[in-house]
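J.: Structure file entry.cif (mmCIF, C-alpha atoms) is given on the next line.
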data_start
loop_
_atom_site.label_atom_id
_atom_site.label_comp_id
_atom_site.auth_asym_id
_atom_site.auth_seq_id
_atom_site.Cartn_x
_atom_site.Cartn_y
_atom_site.Cartn_z
CA MET A 204 -26.02 9.82 10.39
CA LYS A 205 -24.87 7.52 7.61
CA TYR A 206 -26.03 10.10 5.07
CA VAL A 207 -24.03 12.89 6.73
CA ALA A 208 -20.84 10.81 6.79
CA THR A 209 -21.15 9.83 3.13
CA PHE A 210 -21.91 13.42 2.11
CA LEU A 211 -18.90 14.76 4.00
CA VAL A 212 -16.49 12.24 2.45
CA LEU A 213 -17.72 12.93 -1.09
CA PHE A 214 -17.78 16.71 -0.63
CA VAL A 215 -14.25 16.89 0.84
CA SER A 216 -12.87 14.74 -2.00
CA TYR A 217 -14.59 16.95 -4.58
CA ILE A 218 -13.18 20.14 -3.04
CA ALA A 219 -9.68 18.64 -2.82
CA LEU A 220 -9.83 17.79 -6.51
CA ALA A 221 -11.48 20.95 -7.84
CA GLY A 222 -10.15 23.75 -5.64
CA ILE A 223 -12.12 26.32 -3.68
CA ASN A 224 -14.36 28.84 -5.41
CA VAL A 225 -18.09 29.56 -5.33
CA GLN A 226 -19.13 27.64 -8.45
CA GLU A 227 -17.21 24.52 -7.48
CA LEU A 228 -18.63 24.60 -3.94
CA LEU A 229 -22.19 24.79 -5.29
CA LEU A 230 -21.72 22.11 -7.94
CA GLY A 231 -19.85 19.88 -5.48
CA ALA A 232 -22.69 20.13 -2.97
CA ILE A 233 -25.28 19.19 -5.62
CA VAL A 234 -23.27 16.27 -7.02
CA SER A 235 -22.41 14.98 -3.53
CA ALA A 236 -26.08 15.13 -2.50
CA ILE A 237 -27.18 13.13 -5.55
CA LEU A 238 -24.42 10.55 -5.06
CA THR A 239 -25.24 10.30 -1.35
CA VAL A 240 -28.83 9.30 -2.10
CA ILE A 241 -27.58 6.59 -4.47
CA LEU A 242 -24.66 5.26 -2.44
CA ALA A 243 -25.64 5.58 1.21
CA LYS A 244 -27.41 2.28 1.56
CA HIS A 245 -24.26 0.39 0.59
CA VAL A 246 -21.88 1.90 3.14
CA ASN A 247 -21.69 0.78 6.75
CA TYR A 248 -19.66 3.43 8.54
CA THR A 249 -21.17 6.11 10.72
CA ILE A 250 -20.12 9.12 12.78
CA ASP A 251 -21.26 10.21 16.23
CA TYR A 252 -20.39 12.89 18.76
CA ARG A 253 -17.06 11.23 19.63
CA PHE A 254 -15.83 11.48 16.03
CA PRO A 255 -13.54 14.56 16.50
CA VAL A 256 -11.76 12.92 19.46
CA LYS A 257 -11.24 9.76 17.45
CA LEU A 258 -9.94 11.78 14.50
CA LEU A 259 -7.43 13.55 16.76
CA VAL A 260 -6.26 10.22 18.20
CA PHE A 261 -5.96 8.85 14.66
CA ILE A 262 -3.88 11.79 13.44
CA PHE A 263 -1.61 12.36 16.43
CA ALA A 264 -1.15 8.83 17.78
CA TYR A 265 -1.63 6.49 14.82
CA LEU A 266 -0.04 8.35 11.92
CA PRO A 267 3.40 8.99 13.57
CA LEU A 268 3.58 5.32 14.58
CA PHE A 269 2.61 4.30 11.04
CA VAL A 270 5.18 6.55 9.35
CA TRP A 271 7.91 5.47 11.75
CA GLN A 272 7.17 1.79 11.10
CA LEU A 273 7.11 2.46 7.34
CA VAL A 274 10.58 4.05 7.47
CA LEU A 275 11.89 1.17 9.60
CA SER A 276 10.50 -1.39 7.18
CA ASN A 277 12.14 0.35 4.24
CA LEU A 278 15.49 0.36 6.01
CA ALA A 279 15.04 -3.38 6.66
CA VAL A 280 14.23 -3.97 2.99
CA ALA A 281 17.30 -1.92 2.01
CA ARG A 282 19.54 -3.99 4.29
CA ILE A 283 18.24 -7.24 2.83
CA VAL A 284 18.32 -6.14 -0.81
CA LEU A 285 21.77 -4.54 -0.72
CA SER A 286 23.48 -7.39 1.13
CA PRO A 287 25.59 -9.56 -1.18
CA ARG A 288 24.35 -12.93 0.09
CA ILE A 289 20.58 -12.60 0.21
CA LYS A 290 19.60 -16.10 1.33
CA LYS A 291 21.17 -15.63 4.77
CA HIS A 292 18.57 -13.03 5.76
CA LEU A 293 15.55 -15.08 4.72
CA ASN A 294 13.58 -17.55 6.81
CA PRO A 295 10.12 -17.14 5.30
CA GLY A 296 6.80 -18.67 6.22
CA PHE A 297 3.08 -18.09 6.73
CA VAL A 298 1.82 -17.46 10.26
CA LYS A 299 -1.65 -16.91 11.67
CA ILE A 300 -2.44 -14.28 14.30
CA SER A 301 -5.79 -13.41 15.83
CA THR A 302 -7.14 -9.92 16.45
CA ASP A 303 -9.62 -8.36 18.85
CA LEU A 304 -10.79 -5.55 16.58
CA LYS A 305 -14.39 -5.47 15.43
CA GLY A 306 -15.70 -4.07 12.18
CA ASP A 307 -14.52 -4.28 8.58
CA PHE A 308 -12.82 -0.89 8.37
CA ALA A 309 -10.81 -1.51 11.55
CA LYS A 310 -9.61 -4.86 10.22
CA LEU A 311 -8.74 -3.29 6.85
CA THR A 312 -6.66 -0.61 8.57
CA LEU A 313 -4.90 -3.21 10.72
CA ALA A 314 -4.13 -5.38 7.67
CA ASN A 315 -2.77 -2.40 5.74
CA SER A 316 -0.60 -1.43 8.71
CA ILE A 317 0.73 -4.98 8.97
CA THR A 318 1.59 -4.96 5.27
CA LEU A 319 3.67 -1.82 5.65
CA THR A 320 5.57 -2.84 8.82
CA PRO A 321 9.02 -4.49 8.72
CA GLY A 322 9.08 -7.93 7.16
CA THR A 323 5.38 -8.78 7.13
CA LEU A 324 2.69 -8.99 4.44
CA SER A 325 -0.94 -9.77 5.24
CA VAL A 326 -2.36 -12.29 2.80
CA ASP A 327 -5.93 -12.96 3.89
CA ILE A 328 -8.49 -12.23 6.62
CA ASP A 329 -10.82 -14.96 7.79
CA GLY A 330 -13.13 -13.92 10.61
CA ASN A 331 -10.86 -12.88 13.49
CA ASP A 332 -7.69 -14.42 12.04
CA ILE A 333 -5.20 -12.61 9.84
CA TYR A 334 -2.83 -14.74 7.78
CA ILE A 335 0.60 -13.18 7.34
CA HIS A 336 3.69 -13.90 5.26
CA THR A 337 6.86 -12.97 7.14
CA VAL A 338 10.39 -12.71 5.81
CA TYR A 339 12.04 -13.94 9.01
CA ILE A 340 10.10 -15.97 11.57
CA LYS A 341 11.30 -15.26 15.09
CA GLY A 342 8.61 -16.47 17.49
CA GLU A 343 7.56 -20.05 18.12
CA THR A 344 4.00 -19.73 19.47
CA PRO A 345 1.08 -17.69 18.08
CA GLU A 346 1.07 -15.39 21.13
CA GLU A 347 4.73 -14.55 20.59
CA ASN A 348 4.09 -13.79 16.91
CA ARG A 349 1.18 -11.59 17.85
CA LYS A 350 3.25 -9.65 20.34
CA ASN A 351 5.98 -9.14 17.75
CA ILE A 352 3.79 -8.14 14.83
CA SER A 353 0.51 -6.47 15.66
CA ALA A 354 0.30 -5.62 19.39
CA LYS A 355 1.37 -1.98 19.11
CA PHE A 356 -1.06 -1.23 16.30
CA GLU A 357 -3.95 -2.94 18.04
CA LYS A 358 -3.45 -0.83 21.14
CA VAL A 359 -3.87 2.43 19.18
CA LEU A 360 -6.54 1.19 16.78
CA GLY A 361 -8.59 -0.20 19.67
CA VAL A 362 -8.98 3.38 20.93
CA VAL A 363 -9.89 4.74 17.49
CA PHE A 364 -12.38 2.05 16.43
CA LYS A 365 -14.42 1.21 19.53
CA MET B 604 12.26 25.51 0.30
CA GLU B 605 13.55 24.42 -3.06
CA ILE B 606 16.48 22.62 -1.47
CA ALA B 607 14.16 20.71 0.91
CA SER B 608 11.97 19.80 -2.06
CA TYR B 609 14.93 18.42 -4.00
CA ILE B 610 16.16 16.47 -0.97
CA PHE B 611 12.74 14.83 -0.61
CA MET B 612 12.56 14.07 -4.33
CA THR B 613 16.01 12.47 -4.31
CA ILE B 614 15.06 10.29 -1.35
CA GLY B 615 11.91 9.25 -3.21
CA GLY B 616 13.93 8.37 -6.29
CA LEU B 617 16.31 6.31 -4.13
CA PHE B 618 13.41 4.33 -2.69
CA TYR B 619 12.00 3.73 -6.18
CA LEU B 620 15.42 2.41 -7.20
CA LEU B 621 15.41 0.20 -4.11
CA GLY B 622 11.98 -1.16 -5.03
CA GLY B 623 13.14 -2.07 -8.52
CA LEU B 624 16.29 -3.69 -7.15
CA GLY B 625 14.22 -5.66 -4.62
CA ILE B 626 11.93 -6.89 -7.38
CA LEU B 627 14.96 -8.04 -9.34
CA ARG B 628 17.04 -9.62 -6.56
CA MET B 629 14.61 -11.36 -4.20
CA PRO B 630 14.50 -15.14 -4.63
CA ASP B 631 10.75 -15.95 -4.58
CA THR B 632 7.40 -14.36 -5.35
CA PHE B 633 6.23 -13.42 -1.86
CA ASN B 634 9.49 -11.71 -0.92
CA ARG B 635 9.33 -9.82 -4.21
CA ILE B 636 5.84 -8.60 -3.32
CA GLN B 637 7.12 -7.44 0.07
CA ALA B 638 10.09 -5.49 -1.26
CA GLY B 639 8.17 -3.93 -4.13
CA THR B 640 5.20 -2.79 -2.06
CA LYS B 641 7.08 -1.27 0.86
CA ALA B 642 9.81 0.54 -1.05
CA THR B 643 7.53 2.01 -3.71
CA THR B 644 4.93 3.14 -1.15
CA LEU B 645 7.45 5.17 0.85
CA GLY B 646 9.08 6.36 -2.38
CA ALA B 647 5.77 7.69 -3.69
CA PHE B 648 5.04 9.42 -0.36
CA THR B 649 8.36 11.25 -0.20
CA LEU B 650 8.37 12.15 -3.90
CA LEU B 651 4.85 13.64 -3.73
CA ILE B 652 5.66 15.54 -0.52
CA GLY B 653 8.76 16.97 -2.20
CA ILE B 654 6.66 18.13 -5.16
CA GLY B 655 4.25 19.68 -2.65
CA PHE B 656 7.10 21.70 -1.11
CA ASN B 657 7.92 23.05 -4.54
CA ASN B 658 4.29 24.01 -5.36
CA PRO B 659 2.36 24.59 -2.10
CA GLU B 660 -0.96 25.21 -3.88
CA TRP B 661 -1.05 21.59 -5.09
CA PHE B 662 -1.08 20.11 -1.59
CA PRO B 663 -4.77 18.99 -1.43
CA LYS B 664 -4.52 17.04 -4.66
CA LEU B 665 -1.19 15.46 -3.69
CA LEU B 666 -2.65 14.53 -0.30
CA LEU B 667 -5.53 12.80 -2.09
CA ILE B 668 -3.06 10.80 -4.21
CA ILE B 669 -1.08 9.88 -1.06
CA VAL B 670 -4.20 8.66 0.77
CA PHE B 671 -5.27 6.70 -2.31
CA ILE B 672 -1.86 5.01 -2.64
CA ALA B 673 -1.78 4.25 1.10
CA PHE B 674 -5.06 2.36 0.77
CA ALA B 675 -4.79 0.83 -2.69
CA ASN B 676 -1.22 -0.44 -2.74
CA PRO B 677 -1.41 -2.81 0.28
CA ILE B 678 -4.82 -4.10 -0.84
CA GLY B 679 -3.50 -4.84 -4.33
CA SER B 680 -0.40 -6.59 -3.06
CA SER B 681 -2.47 -8.61 -0.60
CA ALA B 682 -4.77 -9.76 -3.41
CA LEU B 683 -1.72 -10.66 -5.50
CA ALA B 684 -0.20 -12.69 -2.64
CA LYS B 685 -3.44 -14.61 -2.16
CA ALA B 686 -3.72 -15.28 -5.89
CA SER B 687 -0.15 -16.47 -6.22
CA TYR B 688 -0.63 -18.76 -3.21
CA LYS B 689 -3.71 -20.26 -4.81
CA SER B 690 -2.09 -20.70 -8.22
CA CYS B 691 0.29 -23.11 -6.43
CA ASP B 692 3.76 -21.90 -7.24
CA LEU B 693 4.93 -22.17 -3.64
CA PRO B 694 8.64 -21.70 -2.91
CA ASP B 695 10.53 -24.60 -1.36
CA ASN B 696 12.16 -22.69 1.51
CA LEU B 697 9.10 -22.16 3.72
CA VAL B 698 9.59 -23.04 7.38
CA GLN B 699 5.97 -22.76 8.50
CA ASP B 700 2.69 -22.72 6.56
CA ASP B 701 -0.48 -21.85 8.47
CA LEU B 702 -2.41 -20.94 5.34
CA ILE B 703 -2.79 -24.60 4.46
CA ASP B 704 -5.72 -25.04 6.84
CA LEU B 705 -7.57 -22.17 5.13
CA PHE B 706 -7.09 -23.01 1.47
CA GLY B 707 -6.39 -26.74 1.72
CA GLY B 708 -3.24 -28.49 0.62
CA LYS B 709 -2.14 -29.24 -2.90
CA GLU B 710 -3.61 -32.73 -2.86
CA ASP B 711 -7.16 -31.96 -1.72
CA GLY B 712 -9.63 -29.08 -1.69
CA LEU B 713 -9.28 -26.45 -4.34
CA ASN B 714 -7.37 -28.29 -6.99
CA MET C 809 21.00 19.38 -12.38
CA MET C 810 19.05 17.86 -9.50
CA ASP C 811 16.29 16.89 -11.90
CA ILE C 812 18.71 14.76 -13.85
CA ILE C 813 19.73 12.89 -10.69
CA VAL C 814 16.12 12.22 -9.66
CA PHE C 815 15.07 11.14 -13.14
CA SER C 816 18.07 8.84 -13.56
CA LEU C 817 17.43 7.15 -10.19
CA ILE C 818 13.80 6.52 -11.14
CA GLY C 819 14.88 5.36 -14.60
CA LEU C 820 17.19 2.75 -13.07
CA GLY C 821 14.29 1.55 -10.90
CA VAL C 822 12.06 1.25 -13.98
CA LEU C 823 14.85 -0.66 -15.76
CA PHE C 824 15.11 -3.24 -12.94
CA ALA C 825 11.32 -3.65 -12.68
CA VAL C 826 10.96 -4.13 -16.43
CA SER C 827 13.78 -6.67 -16.54
CA ARG C 828 11.92 -8.72 -13.93
CA LEU C 829 8.82 -8.32 -16.10
CA LEU C 830 10.77 -9.84 -19.01
CA ILE C 831 12.58 -12.71 -17.24
CA GLY C 832 10.05 -13.54 -14.50
CA PRO C 833 9.61 -17.32 -14.37
CA THR C 834 5.93 -17.40 -13.32
CA PRO C 835 2.95 -15.22 -14.29
CA ALA C 836 2.66 -14.03 -10.68
CA ASP C 837 6.15 -12.54 -10.86
CA ARG C 838 5.29 -10.61 -13.98
CA VAL C 839 2.11 -9.21 -12.40
CA VAL C 840 4.03 -8.17 -9.27
CA SER C 841 6.59 -6.28 -11.32
CA LEU C 842 3.79 -4.67 -13.33
CA ASP C 843 2.24 -3.44 -10.07
CA THR C 844 5.55 -1.91 -8.98
CA PHE C 845 5.98 -0.35 -12.41
CA ASN C 846 2.54 1.29 -12.14
CA ILE C 847 3.34 2.94 -8.81
CA ILE C 848 6.63 4.22 -10.24
CA VAL C 849 4.78 5.67 -13.25
CA ILE C 850 2.42 7.58 -10.92
CA GLY C 851 5.49 9.23 -9.37
CA VAL C 852 6.93 10.00 -12.81
CA ILE C 853 3.71 11.70 -13.94
CA ALA C 854 3.66 13.84 -10.78
CA LEU C 855 7.29 14.73 -11.42
CA LEU C 856 6.40 15.79 -14.98
CA ALA C 857 3.70 18.05 -13.50
CA ASN C 858 6.45 19.64 -11.41
CA GLN C 859 8.72 20.06 -14.44
CA PHE C 860 6.10 21.55 -16.78
CA GLU C 861 4.47 23.69 -14.02
CA ASN C 862 1.06 22.36 -15.02
CA SER C 863 -1.34 20.91 -12.45
CA LEU C 864 -3.37 19.10 -15.11
CA TYR C 865 -0.87 16.22 -14.96
CA LEU C 866 -1.92 15.50 -11.36
CA ASP C 867 -5.42 14.61 -12.57
CA ILE C 868 -3.82 12.21 -15.03
CA ALA C 869 -1.84 10.70 -12.15
CA ILE C 870 -5.03 10.17 -10.10
CA VAL C 871 -6.86 8.49 -12.98
CA TYR C 872 -3.81 6.37 -13.78
CA GLY C 873 -3.65 5.28 -10.13
CA ILE C 874 -7.29 4.20 -10.10
CA LEU C 875 -6.86 2.27 -13.37
CA ALA C 876 -3.66 0.62 -12.07
CA PHE C 877 -5.46 -0.55 -8.92
CA ILE C 878 -8.32 -2.04 -10.93
CA GLU C 879 -5.81 -3.69 -13.26
CA THR C 880 -3.96 -5.30 -10.33
CA ILE C 881 -7.20 -6.65 -8.87
CA VAL C 882 -8.33 -8.03 -12.24
CA PHE C 883 -5.00 -9.79 -12.83
CA ALA C 884 -5.15 -11.23 -9.31
CA ARG C 885 -8.63 -12.63 -9.97
CA TYR C 886 -7.40 -14.09 -13.26
CA LEU C 887 -4.45 -15.81 -11.56
CA GLU C 888 -6.72 -17.19 -8.84
CA GLY C 889 -8.84 -18.90 -11.46
CA GLN C 890 -5.79 -20.64 -12.89
CA HIS C 891 -4.93 -22.95 -10.00
CA GLY C 892 -3.96 -26.51 -10.68
CA ASP C 893 -1.50 -26.26 -13.56
CA CYS C 894 1.82 -25.94 -11.76
#
Could you spell out this file's structure in structure tokens?

T.:
Amino acid sequence: MKYVATFLVLFVSYIALAGINVQELLLGAIVSAILTVILAKHVNYTIDYRFPVKLLVFIFAYLPLFVWQLVLSNLAVARIVLSPRIKKHLNPGFVKISTDLKGDFAKLTLANSITLTPGTLSVDIDGNDIYIHTVYIKGETPEENRKNISAKFEKVLGVVFK
Amino acid sequence: MEIASYIFMTIGGLFYLLGGLGILRMPDTFNRIQAGTKATTLGAFTLLIGIGFNNPEWFPKLLLIIVFIAFANPIGSSALAKASYKSCDLPDNLVQDDLIDLFGGKEDGLN
Amino acid sequence: MMDIIVFSLIGLGVLFAVSRLLIGPTPADRVVSLDTFNIIVIGVIALLANQFENSLYLDIAIVYGILAFIETIVFARYLEGQHGDC
């Protein structure tokens, strides 16, 4: 199944870049097949029969949440940057939160989401811990920080990446 | 359609301006990384979507650029934050520092 | 008319980013502003594709994006190797 997943990703990228006509479809299939044979032993994702359901959950539950958080974070950045006294809004520090997600791609998606949410920037991942730089620390304990920062993403991503 | 496209493009330009202003005005390196990454990511998204409204046949390519930016920009800024932590120009206004038990303090470990 | 507004907004953003690139006190600041500048340039190239009605510029934007990502990672690795002299 690893081969099918790699082939589909390469083929869809080729078609998106080249446009749809018969020659490009044929050449894209050949090139994707050759690259699949070379690359497939280095990738570690796979697809199974539940893949369409997961894709639907990803598109209709995760992406709206992500875009909404991105807009909120930009409004927060705008409020900080445009305020005349900038130091008043800052209380920065590094905090550590732990995650329940398994797998590299799930952790990458969670870290990217944390980077693009209001006031947080993920710095490093070490095992199950994600180290985060925040503009304004609110919580005192690690559980409180986790509830503030990553709980809503983990709930959706836990469904997508089982 | 053209009006919607220009509205999106103007919003994208505004967010680019905000990113540049954030880079200039923030007081230390990590806050600069935050402002620059967030504002320019949303600015690129809205600008490319506005261009897609103007030329609907370019949508697959623009979508590929959007997906690439959505993955590459946070990874790059995260690598930059880690590097600038390790190259030990820490700001003096930190209230909490959990990263010290991963990389070691200034007096032991890496240096 | 609208094009002039969009281009002047982006130009002001480029001006601020480049001024941080010139005055930034540490090397990390300069690399951060270079990263921001690269993302802005991707948007400018896509906007030029819209102005000239030519989709070839989008390919240039994709390749520029890939090169900018690699450049950011390489500079980050370089800065990581420089610890100790602060």

J.: Using all atoms listed in the file, find the one residue out of C:Val840, C:Leu817, C:Ile870, C:Met810 that sits nearest to chain A.

T.: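 Selected residue with least distance to chain A: C:Ile870.
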
J.: Each residue of chain A lying at most 9 Å from chain B should get a row with its shortest atom-to-atom pair and the distance in Å to one decimal, counting only C-alpha atoms; could you produce that, ordered by chain and increasing number, as a tab-separated table?

T.:
residue	atom	partner	partner_atom	distance
A:Ser216	CA	B:Leu667	CA	7.6
A:Ile218	CA	B:Pro663	CA	8.6
A:Ala219	CA	B:Pro663	CA	5.1
A:Leu220	CA	B:Lys664	CA	5.7
A:Ala221	CA	B:Lys664	CA	8.6
A:Gly222	CA	B:Pro663	CA	8.3
A:Val270	CA	B:Leu645	CA	8.9
A:Leu273	CA	B:Leu645	CA	7.0
A:Val274	CA	B:Leu645	CA	7.4
A:Ser276	CA	B:Lys641	CA	7.2
A:Asn277	CA	B:Ala642	CA	5.8
A:Val280	CA	B:Ala638	CA	6.1
A:Ala281	CA	B:Leu621	CA	6.7
A:Ile283	CA	B:Gly625	CA	8.6
A:Val284	CA	B:Gly625	CA	5.6
A:Leu285	CA	B:Leu624	CA	8.5
A:Ile289	CA	B:Met629	CA	7.5
A:Lys290	CA	B:Pro630	CA	7.9
A:Leu293	CA	B:Asn696	CA	8.9
A:Asn294	CA	B:Val698	CA	6.8
A:Pro295	CA	B:Leu697	CA	5.4
A:Gly296	CA	B:Gln699	CA	4.8
A:Phe297	CA	B:Asp700	CA	4.6
A:Val298	CA	B:Asp701	CA	5.3
A:Lys299	CA	B:Asp701	CA	6.0
A:Leu311	CA	B:Ile678	CA	8.7
A:Thr312	CA	B:Phe674	CA	8.5
A:Ala314	CA	B:Pro677	CA	8.3
A:Asn315	CA	B:Pro677	CA	5.6
A:Ser316	CA	B:Pro677	CA	8.6
A:Thr318	CA	B:Pro677	CA	6.2
A:Leu319	CA	B:Lys641	CA	5.9
A:Thr320	CA	B:Lys641	CA	8.3
A:Pro321	CA	B:Lys641	CA	8.7
A:Gly322	CA	B:Gln637	CA	7.4
A:Thr323	CA	B:Gln637	CA	7.4
A:Leu324	CA	B:Gln637	CA	6.4
A:Ser325	CA	B:Ser681	CA	6.1
A:Val326	CA	B:Ser681	CA	5.0
A:Asp327	CA	B:Lys685	CA	6.7
A:Asp329	CA	B:Leu705	CA	8.3
A:Tyr334	CA	B:Leu702	CA	6.7
A:Ile335	CA	B:Leu702	CA	8.6
A:His336	CA	B:Phe633	CA	7.6
A:Thr337	CA	B:Asn634	CA	8.6
A:Val338	CA	B:Asn634	CA	6.9
A:Ile340	CA	B:Val698	CA	8.2

J.: Here is a test: counting only C-alpha atoms, which residue of B:Met612, B:Ala647, B:Leu693, B:Gly653 is nearest to Gly873 (chain C)?

T.: B:Ala647

J.: Can you spell out as a PDB file with C-alpha atoms, keeping the file's coordinate frame the set of residues that the PyMOL selection byres ((chain C) within 12 of (chain A)) selects in the structure I just provided?

T.:
ATOM      1  CA  SER C 863      -1.340  20.910 -12.450  1.00  0.00           C
ATOM      2  CA  LEU C 864      -3.370  19.100 -15.110  1.00  0.00           C
ATOM      3  CA  LEU C 866      -1.920  15.500 -11.360  1.00  0.00           C
ATOM      4  CA  ASP C 867      -5.420  14.610 -12.570  1.00  0.00           C
ATOM      5  CA  ILE C 868      -3.820  12.210 -15.030  1.00  0.00           C
ATOM      6  CA  ILE C 870      -5.030  10.170 -10.100  1.00  0.00           C
ATOM      7  CA  VAL C 871      -6.860   8.490 -12.980  1.00  0.00           C
TER       8      VAL C 871
END

J.: As a check of understanding, name the residues that the PyMOL selection byres ((chain C) within 7 of (chain B)) selects in the supplied structure, as an mmCIF file with C-alpha atoms, keeping the file's coordinate frame.

T.:
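And here is the file that came out, out_23.cif:
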data_model
loop_
_atom_site.group_PDB
_atom_site.id
_atom_site.type_symbol
_atom_site.label_atom_id
_atom_site.label_comp_id
_atom_site.auth_asym_id
_atom_site.auth_seq_id
_atom_site.Cartn_x
_atom_site.Cartn_y
_atom_site.Cartn_z
ATOM 1 C CA MET C 810 19.050 17.860 -9.500
ATOM 2 C CA VAL C 814 16.120 12.220 -9.660
ATOM 3 C CA LEU C 817 17.430 7.150 -10.190
ATOM 4 C CA ILE C 818 13.800 6.520 -11.140
ATOM 5 C CA LEU C 820 17.190 2.750 -13.070
ATOM 6 C CA GLY C 821 14.290 1.550 -10.900
ATOM 7 C CA VAL C 822 12.060 1.250 -13.980
ATOM 8 C CA PHE C 824 15.110 -3.240 -12.940
ATOM 9 C CA ALA C 825 11.320 -3.650 -12.680
ATOM 10 C CA ARG C 828 11.920 -8.720 -13.930
ATOM 11 C CA ALA C 836 2.660 -14.030 -10.680
ATOM 12 C CA ASP C 837 6.150 -12.540 -10.860
ATOM 13 C CA VAL C 840 4.030 -8.170 -9.270
ATOM 14 C CA SER C 841 6.590 -6.280 -11.320
ATOM 15 C CA THR C 844 5.550 -1.910 -8.980
ATOM 16 C CA ILE C 847 3.340 2.940 -8.810
ATOM 17 C CA ILE C 848 6.630 4.220 -10.240
ATOM 18 C CA GLY C 851 5.490 9.230 -9.370
ATOM 19 C CA ASN C 858 6.450 19.640 -11.410
ATOM 20 C CA ILE C 870 -5.030 10.170 -10.100
ATOM 21 C CA PHE C 877 -5.460 -0.550 -8.920
ATOM 22 C CA THR C 880 -3.960 -5.300 -10.330
ATOM 23 C CA ILE C 881 -7.200 -6.650 -8.870
ATOM 24 C CA ALA C 884 -5.150 -11.230 -9.310
ATOM 25 C CA ARG C 885 -8.630 -12.630 -9.970
ATOM 26 C CA LEU C 887 -4.450 -15.810 -11.560
ATOM 27 C CA GLU C 888 -6.720 -17.190 -8.840
ATOM 28 C CA GLN C 890 -5.790 -20.640 -12.890
ATOM 29 C CA HIS C 891 -4.930 -22.950 -10.000
ATOM 30 C CA GLY C 892 -3.960 -26.510 -10.680
ATOM 31 C CA CYS C 894 1.820 -25.940 -11.760
#

J.: Return as a list in words the set of residues that the PyMOL selection byres ((chain A and resi 207) around 10) yields on the displayed structure.

T.: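 Selection result, ordered by chain and number: Met204, Lys205, Tyr206, Ala208, Thr209, Phe210, Leu211, Val212, Ala236, Thr239, Ala243, Thr249 and Ile250 of chain A.
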
J.: Rounded to one decimal in Å, what is the spacing between CA of Leu268 (chain A) and CA of Asn846 (chain C)?

T.: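 Taking CA of Leu268 (chain A) as the start and CA of Asn846 (chain C) as the end point, the length is 27.0 Å.
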
J.: For a quick check of understanding, using all atoms listed in the file, which of A:His245, A:Gly361, A:Leu259, A:Phe356 has the smallest distance to Gly306 (chain A)?

T.: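 Of A:His245, A:Gly361, A:Leu259, A:Phe356, the one nearest Gly306 (chain A), counting all atoms listed in the file, is A:Gly361.
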
J.: Could you tell me how far CA of Gly889 (chain C) sits from CA of Ile874 (chain C), in Å to one decimal place?

T.: 23.2 Å

J.: Take CA of Ile233 (chain A) and CA of Tyr872 (chain C) and report the distance between them in Å, one decimal.

T.: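 We find that CA of Ile233 (chain A) and CA of Tyr872 (chain C) lie 26.3 Å from each other.
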
J.: Which one of C:Ala869, C:Leu829, C:Leu823, C:Val882 sits closest to Ile850 (chain C) if you count all atoms listed in the file?

T.: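 Selected residue with least distance to Ile850 (chain C): C:Ala869.
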